[in-house]
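The file entry_20.pdb contains PDB, C-alpha atoms, pLDDT in the B column:
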```
ATOM      1  CA  MET A 283     -17.586  -5.285-237.235  1.00 66.00           C
ATOM      2  CA  GLU A 284     -19.847  -2.271-237.343  1.00 81.00           C
ATOM      3  CA  THR A 285     -22.672  -2.145-239.825  1.00 89.00           C
ATOM      4  CA  THR A 286     -23.035   0.659-242.333  1.00 91.00           C
ATOM      5  CA  SER A 287     -25.997   1.985-240.374  1.00 91.00           C
ATOM      6  CA  GLU A 288     -23.942   2.217-237.180  1.00 92.00           C
ATOM      7  CA  LYS A 289     -21.113   3.969-239.014  1.00 93.00           C
ATOM      8  CA  ASN A 290     -23.526   6.449-240.592  1.00 94.00           C
ATOM      9  CA  THR A 291     -25.227   7.175-237.276  1.00 94.00           C
ATOM     10  CA  ALA A 292     -21.912   7.772-235.520  1.00 94.00           C
ATOM     11  CA  THR A 293     -20.663   9.927-238.400  1.00 95.00           C
ATOM     12  CA  PHE A 294     -23.803  12.055-238.351  1.00 95.00           C
ATOM     13  CA  THR A 295     -23.388  12.468-234.610  1.00 95.00           C
ATOM     14  CA  HIS A 296     -20.015  14.114-235.218  1.00 95.00           C
ATOM     15  CA  LEU A 297     -21.209  16.140-238.201  1.00 95.00           C
ATOM     16  CA  SER A 298     -24.292  17.365-236.356  1.00 95.00           C
ATOM     17  CA  THR A 299     -22.059  19.558-234.209  1.00 95.00           C
ATOM     18  CA  LEU A 300     -21.460  21.745-237.257  1.00 94.00           C
ATOM     19  CA  SER A 301     -25.100  22.832-237.037  1.00 94.00           C
ATOM     20  CA  GLN A 302     -23.899  25.404-234.489  1.00 93.00           C
ATOM     21  CA  TYR A 303     -23.125  27.675-237.427  1.00 92.00           C
ATOM     22  CA  ILE A 304     -26.804  27.697-238.450  1.00 94.00           C
ATOM     23  CA  ILE A 305     -28.779  26.947-235.278  1.00 94.00           C
ATOM     24  CA  PRO A 306     -27.750  28.251-231.838  1.00 93.00           C
ATOM     25  CA  PHE A 307     -26.814  25.388-229.504  1.00 93.00           C
ATOM     26  CA  GLY A 308     -27.190  22.941-232.402  1.00 91.00           C
ATOM     27  CA  ASN A 309     -23.815  21.499-231.466  1.00 92.00           C
ATOM     28  CA  TYR A 310     -25.433  20.191-228.262  1.00 94.00           C
ATOM     29  CA  ILE A 311     -29.044  19.559-229.281  1.00 95.00           C
ATOM     30  CA  PHE A 312     -28.529  17.344-232.333  1.00 95.00           C
ATOM     31  CA  PRO A 313     -25.731  15.140-230.935  1.00 95.00           C
ATOM     32  CA  ILE A 314     -27.809  14.583-227.774  1.00 95.00           C
ATOM     33  CA  LEU A 315     -30.845  13.606-229.849  1.00 95.00           C
ATOM     34  CA  ILE A 316     -28.871  11.190-232.020  1.00 94.00           C
ATOM     35  CA  TRP A 317     -26.887   9.736-229.124  1.00 95.00           C
ATOM     36  CA  THR A 318     -29.900   9.130-226.873  1.00 94.00           C
ATOM     37  CA  SER A 319     -31.759   7.488-229.740  1.00 94.00           C
ATOM     38  CA  TYR A 320     -28.981   5.029-230.581  1.00 92.00           C
ATOM     39  CA  LYS A 321     -26.910   4.563-227.412  1.00 91.00           C
ATOM     40  CA  ASP A 322     -28.714   1.355-226.419  1.00 92.00           C
ATOM     41  CA  LYS A 323     -28.738  -0.056-229.961  1.00 92.00           C
ATOM     42  CA  SER A 324     -25.060   0.261-230.827  1.00 91.00           C
ATOM     43  CA  GLU A 325     -21.887   0.395-228.763  1.00 94.00           C
ATOM     44  CA  PHE A 326     -20.163   2.133-231.681  1.00 94.00           C
ATOM     45  CA  ALA A 327     -22.769   4.930-231.802  1.00 94.00           C
ATOM     46  CA  ASN A 328     -22.727   5.135-227.991  1.00 95.00           C
ATOM     47  CA  HIS A 329     -18.936   5.621-227.930  1.00 95.00           C
ATOM     48  CA  HIS A 330     -18.976   8.318-230.592  1.00 96.00           C
ATOM     49  CA  GLY A 331     -21.970  10.090-229.066  1.00 95.00           C
ATOM     50  CA  LYS A 332     -20.144  10.345-225.753  1.00 96.00           C
ATOM     51  CA  GLN A 333     -16.970  11.529-227.470  1.00 96.00           C
ATOM     52  CA  THR A 334     -18.852  14.183-229.397  1.00 96.00           C
ATOM     53  CA  LEU A 335     -20.674  15.537-226.348  1.00 96.00           C
ATOM     54  CA  ASN A 336     -17.569  15.457-224.158  1.00 96.00           C
ATOM     55  CA  PHE A 337     -15.640  17.372-226.812  1.00 96.00           C
ATOM     56  CA  GLN A 338     -18.357  20.002-227.171  1.00 96.00           C
ATOM     57  CA  LEU A 339     -18.667  20.418-223.397  1.00 96.00           C
ATOM     58  CA  SER A 340     -14.883  20.717-223.105  1.00 96.00           C
ATOM     59  CA  LEU A 341     -14.863  23.415-225.773  1.00 96.00           C
ATOM     60  CA  LEU A 342     -17.627  25.237-223.910  1.00 96.00           C
ATOM     61  CA  LEU A 343     -15.517  25.198-220.753  1.00 97.00           C
ATOM     62  CA  TYR A 344     -12.423  26.420-222.611  1.00 96.00           C
ATOM     63  CA  THR A 345     -14.475  29.182-224.247  1.00 95.00           C
ATOM     64  CA  LEU A 346     -15.881  30.306-220.903  1.00 96.00           C
ATOM     65  CA  VAL A 347     -12.406  30.486-219.381  1.00 96.00           C
ATOM     66  CA  LEU A 348     -11.066  32.513-222.319  1.00 95.00           C
ATOM     67  CA  SER A 349     -14.096  34.821-222.125  1.00 95.00           C
ATOM     68  CA  LEU A 350     -13.607  35.322-218.403  1.00 95.00           C
ATOM     69  CA  ILE A 351     -10.062  36.418-219.176  1.00 93.00           C
ATOM     70  CA  ALA A 352     -10.652  38.625-222.229  1.00 93.00           C
ATOM     71  CA  ILE A 353     -13.917  40.438-221.493  1.00 93.00           C
ATOM     72  CA  PRO A 354     -12.990  41.933-218.087  1.00 93.00           C
ATOM     73  CA  ILE A 355      -9.598  43.003-219.420  1.00 90.00           C
ATOM     74  CA  PHE A 356     -11.108  44.909-222.335  1.00 86.00           C
ATOM     75  CA  ILE A 357     -13.743  46.477-220.077  1.00 88.00           C
ATOM     76  CA  ILE A 358     -11.104  47.588-217.572  1.00 85.00           C
ATOM     77  CA  VAL A 359      -8.874  49.063-220.284  1.00 82.00           C
ATOM     78  CA  PHE A 360     -11.840  50.861-221.855  1.00 78.00           C
ATOM     79  CA  LEU A 361     -13.072  52.306-218.567  1.00 76.00           C
ATOM     80  CA  GLN A 362      -9.572  53.402-217.542  1.00 76.00           C
ATOM     81  CA  ASN A 363      -9.218  55.363-220.757  1.00 72.00           C
ATOM     82  CA  LEU A 364     -12.724  56.803-220.894  1.00 70.00           C
ATOM     83  CA  PRO A 365     -12.450  60.560-220.385  1.00 66.00           C
ATOM     84  CA  MET A 366     -14.976  61.488-217.717  1.00 67.00           C
ATOM     85  CA  GLU A 367     -15.368  65.034-219.038  1.00 66.00           C
ATOM     86  CA  ALA A 368     -16.600  63.565-222.321  1.00 64.00           C
ATOM     87  CA  VAL A 369     -19.178  61.521-220.405  1.00 62.00           C
ATOM     88  CA  PHE A 370     -20.430  64.274-218.113  1.00 70.00           C
ATOM     89  CA  ASN A 371     -20.190  67.239-220.520  1.00 69.00           C
ATOM     90  CA  ASP A 372     -21.686  65.351-223.473  1.00 65.00           C
ATOM     91  CA  GLU A 373     -18.571  65.831-225.564  1.00 63.00           C
ATOM     92  CA  ASP A 374     -17.569  63.584-228.414  1.00 65.00           C
ATOM     93  CA  PHE A 375     -15.516  60.552-227.507  1.00 60.00           C
ATOM     94  CA  VAL A 376     -12.411  60.285-229.655  1.00 60.00           C
ATOM     95  CA  ILE A 377     -10.334  57.101-229.959  1.00 59.00           C
ATOM     96  CA  ARG A 378      -7.069  59.056-229.687  1.00 59.00           C
ATOM     97  CA  ASN A 379      -7.800  59.462-225.976  1.00 62.00           C
ATOM     98  CA  PHE A 380      -6.773  55.840-225.399  1.00 67.00           C
ATOM     99  CA  ASN A 381      -3.453  55.226-223.687  1.00 68.00           C
ATOM    100  CA  PHE A 382      -2.315  51.955-225.208  1.00 70.00           C
ATOM    101  CA  GLU A 383       1.216  52.244-223.861  1.00 76.00           C
ATOM    102  CA  GLY A 384       0.117  52.139-220.235  1.00 75.00           C
ATOM    103  CA  ASN A 385      -2.069  49.087-220.789  1.00 79.00           C
ATOM    104  CA  ILE A 386      -0.027  47.056-223.260  1.00 85.00           C
ATOM    105  CA  GLY A 387       0.325  44.121-220.863  1.00 86.00           C
ATOM    106  CA  LEU A 388      -3.421  43.812-220.259  1.00 86.00           C
ATOM    107  CA  ILE A 389      -4.238  44.344-223.918  1.00 87.00           C
ATOM    108  CA  SER A 390      -1.725  41.632-224.873  1.00 90.00           C
ATOM    109  CA  ILE A 391      -3.326  39.137-222.485  1.00 92.00           C
ATOM    110  CA  GLY A 392      -6.818  39.963-223.771  1.00 91.00           C
ATOM    111  CA  ALA A 393      -5.725  39.756-227.406  1.00 93.00           C
ATOM    112  CA  THR A 394      -4.030  36.414-226.734  1.00 95.00           C
ATOM    113  CA  ALA A 395      -7.255  35.054-225.228  1.00 94.00           C
ATOM    114  CA  VAL A 396      -9.216  36.216-228.287  1.00 94.00           C
ATOM    115  CA  LEU A 397      -6.611  34.685-230.599  1.00 96.00           C
ATOM    116  CA  LEU A 398      -6.751  31.395-228.699  1.00 96.00           C
ATOM    117  CA  PHE A 399     -10.551  31.392-229.006  1.00 95.00           C
ATOM    118  CA  GLY A 400     -10.280  31.821-232.785  1.00 96.00           C
ATOM    119  CA  LEU A 401      -7.690  29.078-232.973  1.00 96.00           C
ATOM    120  CA  LEU A 402      -9.929  26.833-230.861  1.00 96.00           C
ATOM    121  CA  LYS A 403     -12.820  27.283-233.317  1.00 95.00           C
ATOM    122  CA  VAL A 404     -10.615  26.444-236.322  1.00 96.00           C
ATOM    123  CA  VAL A 405      -9.204  23.362-234.583  1.00 96.00           C
ATOM    124  CA  GLU A 406     -12.728  22.310-233.598  1.00 96.00           C
ATOM    125  CA  PHE A 407     -13.901  22.448-237.211  1.00 96.00           C
ATOM    126  CA  PHE A 408     -11.034  20.324-238.512  1.00 97.00           C
ATOM    127  CA  LEU A 409     -11.228  17.819-235.648  1.00 96.00           C
ATOM    128  CA  VAL A 410     -14.947  17.298-236.256  1.00 96.00           C
ATOM    129  CA  ILE A 411     -14.264  16.601-239.944  1.00 97.00           C
ATOM    130  CA  TYR A 412     -11.363  14.292-239.050  1.00 97.00           C
ATOM    131  CA  ALA A 413     -13.472  12.420-236.485  1.00 96.00           C
ATOM    132  CA  SER A 414     -16.255  12.030-239.041  1.00 96.00           C
ATOM    133  CA  ILE A 415     -13.868  10.519-241.570  1.00 96.00           C
ATOM    134  CA  LYS A 416     -12.386   8.116-239.010  1.00 95.00           C
ATOM    135  CA  THR A 417     -15.873   7.135-237.840  1.00 95.00           C
ATOM    136  CA  SER A 418     -17.149   6.538-241.373  1.00 94.00           C
ATOM    137  CA  ASN A 419     -14.222   4.137-241.825  1.00 94.00           C
ATOM    138  CA  GLY A 420     -15.398   2.189-238.775  1.00 92.00           C
ATOM    139  CA  GLU A 421     -12.626   3.331-236.424  1.00 94.00           C
ATOM    140  CA  TYR A 422     -13.085   4.357-232.820  1.00 94.00           C
ATOM    141  CA  TYR A 423     -11.975   7.960-232.424  1.00 94.00           C
ATOM    142  CA  LYS A 424     -11.192   9.952-229.305  1.00 95.00           C
ATOM    143  CA  TYR A 425     -10.885  13.738-229.491  1.00 95.00           C
ATOM    144  CA  PRO A 426      -7.738  15.317-228.039  1.00 94.00           C
ATOM    145  CA  MET A 427      -8.032  17.901-225.227  1.00 90.00           C
ATOM    146  CA  THR A 428     -11.314  16.373-224.077  1.00 94.00           C
ATOM    147  CA  ILE A 429     -12.507  16.189-220.489  1.00 95.00           C
ATOM    148  CA  PRO A 430     -14.592  13.007-219.940  1.00 94.00           C
ATOM    149  CA  PHE A 431     -17.803  14.512-218.520  1.00 94.00           C
ATOM    150  CA  ILE A 432     -19.935  11.589-219.738  1.00 92.00           C
ATOM    151  CA  LYS A 433     -18.390   8.203-219.048  1.00 87.00           C
TER     152      LYS A 433
END
```
Kindly present the structure from the file in structure tokens form.
Amino acid sequence: METTSEKNTATFTHLSTLSQYIIPFGNYIFPILIWTSYKDKSEFANHHGKQTLNFQLSLLLYTLVLSLIAIPIFIIVFLQNLPMEAVFNDEDFVIRNFNFEGNIGLISIGATAVLLFGLLKVVEFFLVIYASIKTSNGEYYKYPMTIPFIK
């Protein structure tokens, strides 16, 4: 049976990932600090610290993959539709020069990657809250879609 202190520590480990919305990289810094402080003192806190960090690292990997898909696609589509006479003759660039019909497949793939990124962030928020609730009840929780980087 886990003590209240262990439950609180593990819960704060999960909730500390939400600091990413205030402090850059807070979703890695604070869970690492909490986990390394308590991993030898409590198996419960150790388990949840690993789960939290593995989930955040997995999300980082998924985000990088989606970025590597979306960013080059949008750059390619933009450069293909950039009128060179507007660049060299210092003319105004007008959005109506874009040919969306010729690039609808690429734009669809890029938009899907951006949509998946947004969906990933929403799912992350709710899973962190759900994991915090489970942890505060003394249950062991394992995030879905997580790659076990730290064993």
Take the PyMOL selection byres ((chain A and resi 415) around 12), run it mentally on this structure, and tell me the resulting residues as a list in words.
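Expected selection for the PyMOL selection byres ((chain A and resi 415) around 12) here is Lys289, Asn290, Ala292, Thr293, Phe294, Thr295, His296, Leu297, Phe408, Leu409, Val410, Ile411, Tyr412, Ala413, Ser414, Lys416, Thr417, Ser418, Asn419, Gly420, Glu421, Tyr422 and Tyr423 of chain A.
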In Å and to one decimal, atom CA of A:Tyr344 is distant from atom CA of A:Pro306 by 18.0 Å
Atom CA of A:Leu398 to atom CA of A:Ile386 measures 17.9 Å
Scan for residues within 12 Å of the point (-3.4, 43.8, -222.7) in the coordinates of the file, using all atoms listed in the file, and reply as a count of residues only.
26
Given 4 Å of margin on each side, can you work out the centre and size in Å (one decimal) of an axis-aligned box holding every listed atom of stretch 417-420 of chain A, as lines of an AutoDock Vina configuration file?
```
center_x = -15.7
center_y = 4.7
center_z = -239.8
size_x = 10.9
size_y = 12.9
size_z = 12.0
```
